[in-house]
>>> print(open('target.cif').read())   # mmCIF, C-alpha atoms
data_query
#
loop_
_atom_site.label_atom_id
_atom_site.label_comp_id
_atom_site.auth_asym_id
_atom_site.auth_seq_id
_atom_site.Cartn_x
_atom_site.Cartn_y
_atom_site.Cartn_z
CA MET A 20 -51.69 -25.26 -26.04
CA ASN A 21 -48.78 -27.71 -25.79
CA PHE A 22 -46.84 -28.85 -22.71
CA LEU A 23 -44.06 -26.24 -23.09
CA GLU A 24 -46.47 -23.35 -23.60
CA GLU A 25 -48.37 -24.47 -20.49
CA ARG A 26 -45.12 -24.60 -18.51
CA ILE A 27 -44.12 -21.11 -19.68
CA LEU A 28 -47.50 -19.77 -18.59
CA SER A 29 -47.22 -21.38 -15.17
CA ASP A 30 -43.52 -20.76 -14.39
CA GLY A 31 -42.22 -18.14 -16.84
CA ILE A 32 -41.89 -14.54 -15.69
CA VAL A 33 -42.11 -11.53 -18.00
CA LYS A 34 -39.70 -8.74 -17.18
CA GLU A 35 -39.25 -5.26 -18.60
CA GLY A 36 -37.30 -5.04 -21.86
CA ASN A 37 -38.91 -8.10 -23.49
CA VAL A 38 -37.17 -10.49 -21.12
CA LEU A 39 -38.84 -13.86 -20.51
CA LYS A 40 -37.33 -15.54 -17.47
CA VAL A 41 -37.57 -19.32 -17.68
CA ASP A 42 -34.60 -20.01 -15.45
CA SER A 43 -36.55 -22.25 -13.06
CA PHE A 44 -37.00 -24.99 -15.68
CA LEU A 45 -35.09 -24.20 -18.88
CA ASN A 46 -31.79 -22.35 -18.64
CA HIS A 47 -30.38 -22.32 -15.12
CA GLN A 48 -32.34 -24.99 -13.28
CA MET A 49 -33.30 -27.62 -15.84
CA ASP A 50 -36.34 -29.91 -15.70
CA ILE A 51 -35.03 -33.11 -17.25
CA GLY A 52 -38.48 -34.72 -17.61
CA LEU A 53 -39.57 -31.67 -19.59
CA PHE A 54 -36.40 -31.83 -21.73
CA ASP A 55 -37.11 -35.48 -22.47
CA GLN A 56 -40.64 -34.57 -23.59
CA MET A 57 -39.19 -31.80 -25.79
CA GLY A 58 -36.75 -34.30 -27.29
CA ALA A 59 -39.63 -36.64 -28.17
CA GLU A 60 -41.51 -33.75 -29.78
CA PHE A 61 -38.48 -32.73 -31.87
CA LYS A 62 -38.19 -36.35 -33.01
CA ARG A 63 -41.87 -36.30 -34.02
CA ARG A 64 -41.46 -33.04 -35.96
CA PHE A 65 -38.28 -34.20 -37.71
CA ALA A 66 -39.39 -37.84 -38.09
CA ASP A 67 -38.74 -38.01 -41.85
CA THR A 68 -35.52 -36.00 -41.80
CA PRO A 69 -32.07 -37.61 -41.87
CA VAL A 70 -30.05 -36.55 -38.82
CA THR A 71 -26.49 -37.76 -38.18
CA LYS A 72 -25.52 -35.26 -35.47
CA ILE A 73 -27.07 -32.59 -33.28
CA LEU A 74 -25.26 -29.25 -33.06
CA THR A 75 -25.90 -26.77 -30.25
CA ILE A 76 -24.07 -23.92 -28.55
CA GLU A 77 -22.87 -23.49 -25.01
CA ALA A 78 -24.19 -23.23 -22.44
CA SER A 79 -27.97 -23.42 -22.16
CA GLY A 80 -28.54 -25.35 -25.39
CA ILE A 81 -26.53 -28.33 -24.20
CA GLY A 82 -29.06 -29.93 -21.85
CA ILE A 83 -31.91 -29.80 -24.36
CA ALA A 84 -29.67 -31.11 -27.15
CA CYS A 85 -28.43 -34.02 -25.01
CA LEU A 86 -31.91 -35.18 -24.05
CA ALA A 87 -33.08 -34.80 -27.66
CA ALA A 88 -30.09 -36.85 -28.85
CA ARG A 89 -31.43 -39.90 -27.00
CA HIS A 90 -34.47 -39.82 -29.30
CA PHE A 91 -32.37 -39.44 -32.46
CA GLN A 92 -29.60 -41.82 -31.32
CA VAL A 93 -26.87 -39.46 -32.52
CA PRO A 94 -23.97 -37.61 -30.88
CA VAL A 95 -24.17 -33.96 -29.83
CA ILE A 96 -21.53 -31.36 -30.66
CA PHE A 97 -21.58 -28.11 -28.76
CA ALA A 98 -20.09 -25.02 -30.34
CA LYS A 99 -17.97 -22.81 -28.13
CA LYS A 100 -18.50 -19.11 -27.82
CA SER A 101 -15.50 -16.92 -27.43
CA LYS A 102 -14.50 -13.32 -27.77
CA SER A 103 -11.04 -14.44 -28.79
CA ILE A 104 -9.79 -17.54 -30.55
CA ASN A 105 -7.17 -19.56 -28.72
CA LEU A 106 -8.18 -23.14 -29.39
CA GLU A 107 -5.62 -25.45 -30.87
CA GLY A 108 -6.20 -27.50 -33.98
CA ASP A 109 -8.32 -26.88 -37.04
CA MET A 110 -11.49 -25.04 -36.20
CA TYR A 111 -14.46 -23.66 -38.05
CA VAL A 112 -14.97 -20.14 -36.76
CA ALA A 113 -18.00 -17.98 -37.51
CA GLU A 114 -17.88 -14.38 -36.39
CA VAL A 115 -21.33 -13.21 -35.41
CA GLU A 116 -22.33 -9.73 -34.43
CA SER A 117 -25.36 -9.01 -32.31
CA PHE A 118 -27.48 -6.26 -33.89
CA THR A 119 -29.00 -5.32 -30.54
CA HIS A 120 -26.13 -5.95 -28.18
CA LYS A 121 -23.42 -4.46 -30.36
CA CYS A 122 -21.07 -7.26 -29.42
CA LYS A 123 -19.06 -9.65 -31.53
CA ASN A 124 -18.64 -13.29 -30.69
CA ASN A 125 -16.89 -16.19 -32.33
CA VAL A 126 -18.78 -19.46 -32.66
CA ILE A 127 -16.26 -22.30 -32.86
CA VAL A 128 -16.41 -26.02 -33.75
CA ALA A 129 -13.48 -28.38 -34.33
CA GLN A 130 -13.36 -29.32 -38.01
CA LYS A 131 -12.91 -33.03 -37.34
CA PHE A 132 -16.45 -33.37 -35.97
CA LEU A 133 -18.30 -32.15 -39.07
CA ASN A 134 -18.00 -33.46 -42.60
CA SER A 135 -19.78 -33.29 -45.93
CA GLN A 136 -21.74 -36.49 -45.23
CA ASP A 137 -23.36 -35.02 -42.13
CA HIS A 138 -27.00 -34.06 -41.77
CA ILE A 139 -27.12 -31.66 -38.86
CA LEU A 140 -30.05 -30.86 -36.62
CA ILE A 141 -29.35 -27.57 -34.82
CA ILE A 142 -30.94 -27.24 -31.37
CA ASP A 143 -31.00 -24.27 -29.03
CA ASP A 144 -33.06 -22.99 -26.13
CA PHE A 145 -33.95 -19.49 -27.38
CA LEU A 146 -34.36 -17.75 -30.72
CA ALA A 147 -34.72 -13.98 -30.75
CA ASN A 148 -32.58 -12.16 -33.29
CA GLY A 149 -30.95 -15.38 -34.38
CA CYS A 150 -27.38 -14.22 -34.13
CA ALA A 151 -25.95 -17.41 -32.59
CA LEU A 152 -28.09 -19.53 -34.90
CA GLN A 153 -26.75 -17.77 -37.98
CA GLY A 154 -23.24 -18.61 -36.79
CA LEU A 155 -24.15 -22.28 -36.34
CA ILE A 156 -25.68 -22.46 -39.84
CA GLN A 157 -22.58 -20.81 -41.29
CA ILE A 158 -20.37 -23.44 -39.64
CA VAL A 159 -22.46 -26.37 -40.94
CA GLN A 160 -22.19 -24.90 -44.43
CA MET A 161 -18.42 -24.32 -44.07
CA ALA A 162 -18.12 -28.06 -43.43
CA GLY A 163 -20.11 -28.86 -46.58
CA ALA A 164 -22.70 -30.58 -44.38
CA ALA A 165 -26.48 -30.21 -44.68
CA VAL A 166 -28.71 -28.43 -42.20
CA SER A 167 -31.51 -30.96 -41.67
CA GLY A 168 -33.50 -28.58 -39.56
CA ILE A 169 -33.53 -26.33 -36.54
CA GLY A 170 -35.29 -27.09 -33.28
CA ILE A 171 -35.83 -24.30 -30.77
CA ALA A 172 -37.52 -24.42 -27.38
CA VAL A 173 -38.75 -20.81 -27.16
CA GLU A 174 -38.92 -18.41 -30.10
CA LYS A 175 -39.66 -14.75 -29.57
CA GLY A 176 -42.01 -14.32 -32.52
CA PHE A 177 -41.97 -10.54 -32.20
CA GLN A 178 -38.23 -10.44 -32.95
CA PRO A 179 -36.92 -11.06 -36.47
CA GLY A 180 -34.74 -14.19 -36.05
CA GLY A 181 -37.40 -16.80 -36.83
CA GLN A 182 -38.72 -15.02 -39.89
CA ILE A 183 -35.22 -14.63 -41.34
CA ILE A 184 -34.45 -18.33 -40.90
CA ARG A 185 -37.79 -19.40 -42.47
CA ASN A 186 -37.23 -16.95 -45.34
CA LEU A 187 -33.95 -18.72 -46.01
CA GLY A 188 -35.90 -21.97 -46.48
CA PHE A 189 -34.85 -23.86 -43.36
CA GLN A 190 -37.29 -26.10 -41.48
CA LEU A 191 -37.46 -24.27 -38.18
CA GLU A 192 -39.53 -25.89 -35.45
CA SER A 193 -40.04 -23.84 -32.30
CA LEU A 194 -41.95 -25.63 -29.57
CA ALA A 195 -43.32 -22.34 -28.25
CA ILE A 196 -43.52 -19.09 -30.22
CA VAL A 197 -44.22 -16.10 -28.03
CA GLU A 198 -46.28 -13.64 -30.06
CA SER A 199 -46.44 -10.98 -27.38
CA MET A 200 -45.81 -10.53 -23.70
CA ASP A 201 -46.52 -7.79 -21.23
CA ALA A 202 -44.31 -7.12 -18.22
CA GLU A 203 -47.04 -5.14 -16.44
CA THR A 204 -49.87 -7.67 -16.66
CA GLY A 205 -47.67 -10.77 -17.07
CA VAL A 206 -49.85 -11.87 -20.00
CA ILE A 207 -48.10 -14.07 -22.60
CA THR A 208 -49.70 -15.03 -25.91
CA PHE A 209 -48.42 -17.75 -28.23
CA ARG A 210 -48.62 -18.13 -32.00
CA GLU A 211 -51.00 -20.95 -32.92
CA GLN A 212 -49.25 -23.98 -34.37
CA ALA A 213 -50.70 -27.02 -36.12
CA MET B 13 -11.13 -51.85 -16.55
CA ASN B 14 -14.54 -50.16 -16.82
CA PHE B 15 -16.36 -48.83 -19.90
CA LEU B 16 -15.08 -45.26 -19.51
CA GLU B 17 -11.46 -46.32 -19.00
CA GLU B 18 -11.74 -48.48 -22.11
CA ARG B 19 -13.13 -45.57 -24.08
CA ILE B 20 -10.35 -43.25 -22.90
CA LEU B 21 -7.75 -45.82 -24.01
CA SER B 22 -9.34 -46.18 -27.41
CA ASP B 23 -10.23 -42.54 -28.19
CA GLY B 24 -8.36 -40.31 -25.74
CA ILE B 25 -5.18 -38.55 -26.87
CA VAL B 26 -2.35 -37.58 -24.54
CA LYS B 27 -0.74 -34.23 -25.34
CA GLU B 28 2.26 -32.44 -23.92
CA GLY B 29 1.67 -30.60 -20.65
CA ASN B 30 -0.50 -33.27 -19.03
CA VAL B 31 -3.36 -32.63 -21.41
CA LEU B 32 -5.78 -35.51 -22.04
CA LYS B 33 -7.92 -34.78 -25.07
CA VAL B 34 -11.30 -36.51 -24.88
CA ASP B 35 -13.12 -34.05 -27.10
CA SER B 36 -14.37 -36.73 -29.50
CA PHE B 37 -16.72 -38.24 -26.90
CA LEU B 38 -16.78 -36.18 -23.69
CA ASN B 39 -16.40 -32.42 -23.92
CA HIS B 40 -16.91 -31.11 -27.43
CA GLN B 41 -18.56 -33.95 -29.29
CA MET B 42 -20.60 -35.91 -26.72
CA ASP B 43 -21.49 -39.60 -26.89
CA ILE B 44 -24.97 -39.68 -25.35
CA GLY B 45 -25.05 -43.48 -25.00
CA LEU B 46 -21.83 -43.28 -23.01
CA PHE B 47 -23.23 -40.45 -20.86
CA ASP B 48 -26.31 -42.56 -20.14
CA GLN B 49 -24.07 -45.43 -19.03
CA MET B 50 -22.12 -43.01 -16.82
CA GLY B 51 -25.39 -41.79 -15.31
CA ALA B 52 -26.38 -45.36 -14.45
CA GLU B 53 -22.98 -45.94 -12.85
CA PHE B 54 -23.26 -42.76 -10.73
CA LYS B 55 -26.71 -43.95 -9.61
CA ARG B 56 -25.19 -47.30 -8.62
CA ARG B 57 -22.37 -45.63 -6.65
CA PHE B 58 -24.72 -43.19 -4.90
CA ALA B 59 -27.60 -45.65 -4.54
CA ASP B 60 -28.03 -45.15 -0.79
CA THR B 61 -27.47 -41.40 -0.81
CA PRO B 62 -30.34 -38.87 -0.75
CA VAL B 63 -30.15 -36.58 -3.78
CA THR B 64 -32.67 -33.79 -4.41
CA LYS B 65 -30.77 -31.90 -7.11
CA ILE B 66 -27.70 -32.24 -9.29
CA LEU B 67 -25.36 -29.26 -9.51
CA THR B 68 -22.83 -28.84 -12.30
CA ILE B 69 -20.93 -26.00 -13.97
CA GLU B 70 -21.00 -24.73 -17.52
CA ALA B 71 -20.24 -25.82 -20.12
CA SER B 72 -18.90 -29.35 -20.38
CA GLY B 73 -20.45 -30.65 -17.15
CA ILE B 74 -23.99 -30.01 -18.35
CA GLY B 75 -24.43 -32.95 -20.72
CA ILE B 76 -23.18 -35.52 -18.21
CA ALA B 77 -25.29 -34.01 -15.43
CA CYS B 78 -28.44 -34.01 -17.57
CA LEU B 79 -28.11 -37.67 -18.54
CA ALA B 80 -27.31 -38.61 -14.93
CA ALA B 81 -30.38 -36.70 -13.74
CA ARG B 82 -32.64 -39.15 -15.61
CA HIS B 83 -31.35 -41.90 -13.32
CA PHE B 84 -31.86 -39.85 -10.16
CA GLN B 85 -35.15 -38.24 -11.31
CA VAL B 86 -34.07 -34.82 -10.07
CA PRO B 87 -33.53 -31.40 -11.71
CA VAL B 88 -30.11 -30.11 -12.75
CA ILE B 89 -28.77 -26.67 -11.89
CA PHE B 90 -25.76 -25.40 -13.78
CA ALA B 91 -23.55 -22.80 -12.18
CA LYS B 92 -22.36 -19.97 -14.37
CA LYS B 93 -18.75 -18.98 -14.68
CA SER B 94 -17.95 -15.35 -15.07
CA LYS B 95 -15.03 -12.99 -14.72
CA SER B 96 -17.45 -10.26 -13.69
CA ILE B 97 -20.80 -10.37 -11.93
CA ASN B 98 -23.67 -8.75 -13.76
CA LEU B 99 -26.55 -11.09 -13.10
CA GLU B 100 -29.72 -9.71 -11.63
CA GLY B 101 -31.37 -11.07 -8.50
CA ASP B 102 -29.96 -12.78 -5.47
CA MET B 103 -27.00 -14.95 -6.31
CA TYR B 104 -24.56 -17.13 -4.47
CA VAL B 105 -21.12 -16.18 -5.73
CA ALA B 106 -17.93 -18.10 -4.99
CA GLU B 107 -14.69 -16.55 -6.10
CA VAL B 108 -12.23 -19.23 -7.08
CA GLU B 109 -8.64 -18.78 -8.07
CA SER B 110 -6.76 -21.26 -10.19
CA PHE B 111 -3.42 -22.09 -8.62
CA THR B 112 -1.93 -23.10 -11.96
CA HIS B 113 -3.65 -20.72 -14.34
CA LYS B 114 -3.34 -17.65 -12.13
CA CYS B 115 -6.87 -16.61 -13.07
CA LYS B 116 -9.87 -15.71 -10.95
CA ASN B 117 -13.37 -16.77 -11.81
CA ASN B 118 -16.72 -16.35 -10.16
CA VAL B 119 -18.97 -19.38 -9.84
CA ILE B 120 -22.57 -18.22 -9.64
CA VAL B 121 -25.92 -19.84 -8.77
CA ALA B 122 -29.26 -18.11 -8.18
CA GLN B 123 -30.18 -18.39 -4.52
CA LYS B 124 -33.77 -19.45 -5.20
CA PHE B 125 -32.66 -22.83 -6.60
CA LEU B 126 -30.82 -24.05 -3.49
CA ASN B 127 -32.15 -24.31 0.04
CA SER B 128 -31.28 -25.89 3.36
CA GLN B 129 -33.44 -28.98 2.65
CA ASP B 130 -31.43 -29.85 -0.45
CA HIS B 131 -29.10 -32.81 -0.81
CA ILE B 132 -26.84 -31.94 -3.71
CA LEU B 133 -24.93 -34.30 -5.96
CA ILE B 134 -22.20 -32.35 -7.74
CA ILE B 135 -21.25 -33.65 -11.18
CA ASP B 136 -18.50 -32.50 -13.52
CA ASP B 137 -16.50 -33.87 -16.43
CA PHE B 138 -12.93 -33.29 -15.16
CA LEU B 139 -11.18 -33.00 -11.82
CA ALA B 140 -7.57 -31.82 -11.77
CA ASN B 141 -6.77 -29.13 -9.21
CA GLY B 142 -10.39 -28.94 -8.14
CA CYS B 143 -10.74 -25.19 -8.38
CA ALA B 144 -14.23 -25.13 -9.91
CA LEU B 145 -15.32 -27.96 -7.63
CA GLN B 146 -14.24 -26.04 -4.54
CA GLY B 147 -16.42 -23.15 -5.73
CA LEU B 148 -19.42 -25.46 -6.18
CA ILE B 149 -18.98 -26.95 -2.70
CA GLN B 150 -18.71 -23.45 -1.24
CA ILE B 151 -22.00 -22.47 -2.89
CA VAL B 152 -23.86 -25.55 -1.61
CA GLN B 153 -22.63 -24.73 1.87
CA MET B 154 -23.60 -21.04 1.55
CA ALA B 155 -27.15 -22.27 0.90
CA GLY B 156 -27.08 -24.43 4.02
CA ALA B 157 -27.63 -27.48 1.82
CA ALA B 158 -25.79 -30.81 2.11
CA VAL B 159 -23.24 -32.14 -0.37
CA SER B 160 -24.45 -35.71 -0.91
CA GLY B 161 -21.47 -36.56 -3.02
CA ILE B 162 -19.39 -35.69 -6.02
CA GLY B 163 -19.39 -37.58 -9.30
CA ILE B 164 -16.60 -36.97 -11.80
CA ALA B 165 -16.01 -38.54 -15.19
CA VAL B 166 -12.22 -38.23 -15.40
CA GLU B 167 -9.95 -37.44 -12.46
CA LYS B 168 -6.30 -36.64 -12.98
CA GLY B 169 -4.99 -38.65 -10.03
CA PHE B 170 -1.53 -37.09 -10.31
CA GLN B 171 -2.94 -33.64 -9.57
CA PRO B 172 -4.04 -32.69 -6.05
CA GLY B 173 -7.78 -31.93 -6.48
CA GLY B 174 -9.11 -35.41 -5.72
CA GLN B 175 -6.96 -35.93 -2.64
CA ILE B 176 -7.99 -32.57 -1.18
CA ILE B 177 -11.71 -33.34 -1.65
CA ARG B 178 -11.35 -36.82 -0.10
CA ASN B 179 -9.33 -35.36 2.79
CA LEU B 180 -12.28 -33.06 3.48
CA GLY B 181 -14.48 -36.14 3.92
CA PHE B 182 -16.61 -35.94 0.81
CA GLN B 183 -17.69 -39.06 -1.08
CA LEU B 184 -15.93 -38.49 -4.38
CA GLU B 185 -16.58 -41.01 -7.14
CA SER B 186 -14.48 -40.64 -10.28
CA LEU B 187 -15.36 -43.11 -13.03
CA ALA B 188 -11.81 -43.04 -14.34
CA ILE B 189 -8.75 -41.94 -12.35
CA VAL B 190 -5.72 -41.36 -14.55
CA GLU B 191 -2.65 -42.29 -12.51
CA SER B 192 -0.14 -41.37 -15.17
CA MET B 193 0.04 -40.58 -18.84
CA ASP B 194 2.84 -40.12 -21.30
CA ALA B 195 2.59 -37.82 -24.30
CA GLU B 196 5.50 -39.54 -26.08
CA THR B 197 4.31 -43.12 -25.87
CA GLY B 198 0.59 -42.35 -25.48
CA VAL B 199 0.42 -44.79 -22.55
CA ILE B 200 -2.30 -44.08 -19.97
CA THR B 201 -2.55 -45.96 -16.67
CA PHE B 202 -5.56 -45.89 -14.35
CA ARG B 203 -5.84 -46.24 -10.59
CA GLU B 204 -7.48 -49.54 -9.67
CA GLN B 205 -10.95 -49.16 -8.24
CA ALA B 206 -13.23 -51.68 -6.55
#
>>> encode(input="target.cif", output="structure tokens")
Amino acid sequence: MNFLEERILSDGIVKEGNVLKVDSFLNHQMDIGLFDQMGAEFKRRFADTPVTKILTIEASGIGIACLAARHFQVPVIFAKKSKSINLEGDMYVAEVESFTHKCKNNVIVAQKFLNSQDHILIIDDFLANGCALQGLIQIVQMAGAAVSGIGIAVEKGFQPGGQIIRNLGFQLESLAIVESMDAETGVITFREQA
Amino acid sequence: MNFLEERILSDGIVKEGNVLKVDSFLNHQMDIGLFDQMGAEFKRRFADTPVTKILTIEASGIGIACLAARHFQVPVIFAKKSKSINLEGDMYVAEVESFTHKCKNNVIVAQKFLNSQDHILIIDDFLANGCALQGLIQIVQMAGAAVSGIGIAVEKGFQPGGQIIRNLGFQLESLAIVESMDAETGVITFREQA
């Protein structure tokens, strides 16, 4: 079991409706030492991959992306989420629709920060259905840039997002993949990783 | 002139309506080396101040707060902004109203992450009218915690937020204080600091 899986077991809380609360260390209060360790692990997993920029999405991806960026020595761009578009200038906009939540969101990045020479590492805190992630991939491709890989802190392996992204041929590295969790017993099991 | 003022002069763009665009290094694309330098400077300015946690607000404060937290060796909490309140659990909620934008927002932090023993350093990217900052201070005080100080990247010195906060007796450290800026000529002048 790795350091993030251990932390999830000790401080994560399983709630009804397949909710995993990790707000004490990951997405409300943030443990910066842990984020630094996650950044080092992403660097290890993407050691042979060219990365010119890290792309994430507001809000809870930003902290993880920023600490990871220290290990890659590249800038971070965070995509904005918006129901409506009112940003000035030339923007890449991906409209993404949540299958489960029945809501539409726009994922937005200023065009000037992505170009066809870029090799983009996408980083986010959670992957479930992969809706936001699909929007980020779409934006990288709109810019003619390459997706170098995708680094996720916690993947819900029992939801389809991860499988879809791997089926599309992307290198997706999730530091913890939750295979199952039980709100009654609190038991969490992880997918074994090499 | 310090490193952040120099960077603003070289890469910031003044737009009509007192808008200073720093999205190429501060609040859309983020220069992590610069953020690390800002974190070190905040640590120098608050060297003798007890700090148990850093509090910021989504989205563009998060990156700066996370890099600063490495220098203070403390966790970061980011407050959520919302027009409506639909978060579960016990929350501190400050309703803040923008004098200029005529909009209300709720600033929200889970109660379990702040307590009366905490010494909170508040960090954010911009200070203009200080609306969000007033909400953050209110929340720290609701929790019975102490505001150790406030660290801001860019203060618009010609808007009232900074003066109000200093009048209230808080130690406010802004790495760059823009005294005036001119959209026609592009000239930016900074307030002299020790």
>>> interface_residues(input="target.cif", of="chain B", to="chain A", cutoff="7 Å", atoms="only C-alpha atoms", output="list in words")
His40, Gln41, Met42, Asp43, Ile44, Glu70, Ala71, Ile74, Gly75, Cys78, Ala81, Arg82, Pro87, Val88, Ile89 and Phe90 of chain B
>>> residues_around(input="target.cif", residues="segment 163-175 of chain A", least_positions_apart="2", cutoff="7 Å", atoms="all atoms listed in the file", output="PyMOL selection string")
chain A and resi 61+68-70+134-147+159-161+177-178+189-198
>>> resolve_selection(input="target.cif", expression="the PyMOL selection byres ((chain A and resi 150) around 7)", output="list in words")
Val115, Glu116, Ser117, Asn148, Gly149, Ala151, Leu152, Gln153 and Gly154 of chain A
>>> write_last_selection(input="target.cif", atoms="C-alpha atoms", output="mmCIF file, in the coordinates of the input")
data_model
loop_
_atom_site.group_PDB
_atom_site.id
_atom_site.type_symbol
_atom_site.label_atom_id
_atom_site.label_comp_id
_atom_site.auth_asym_id
_atom_site.auth_seq_id
_atom_site.Cartn_x
_atom_site.Cartn_y
_atom_site.Cartn_z
ATOM 1 C CA VAL A 115 -21.330 -13.210 -35.410
ATOM 2 C CA GLU A 116 -22.330 -9.730 -34.430
ATOM 3 C CA SER A 117 -25.360 -9.010 -32.310
ATOM 4 C CA ASN A 148 -32.580 -12.160 -33.290
ATOM 5 C CA GLY A 149 -30.950 -15.380 -34.380
ATOM 6 C CA ALA A 151 -25.950 -17.410 -32.590
ATOM 7 C CA LEU A 152 -28.090 -19.530 -34.900
ATOM 8 C CA GLN A 153 -26.750 -17.770 -37.980
ATOM 9 C CA GLY A 154 -23.240 -18.610 -36.790
#
>>> atom_distance(input="target.cif", atom1="atom CA of Ala52 of chain B", atom2="atom CA of Phe15 of chain B")
11.9 Å
>>> atom_distance(input="target.cif", atom1="atom CA of Ala106 of chain B", atom2="atom CA of Gln150 of chain B")
6.6 Å
>>> atom_distance(input="target.cif", atom1="atom CA of Gln130 of chain A", atom2="atom CA of Ala162 of chain A")
7.3 Å
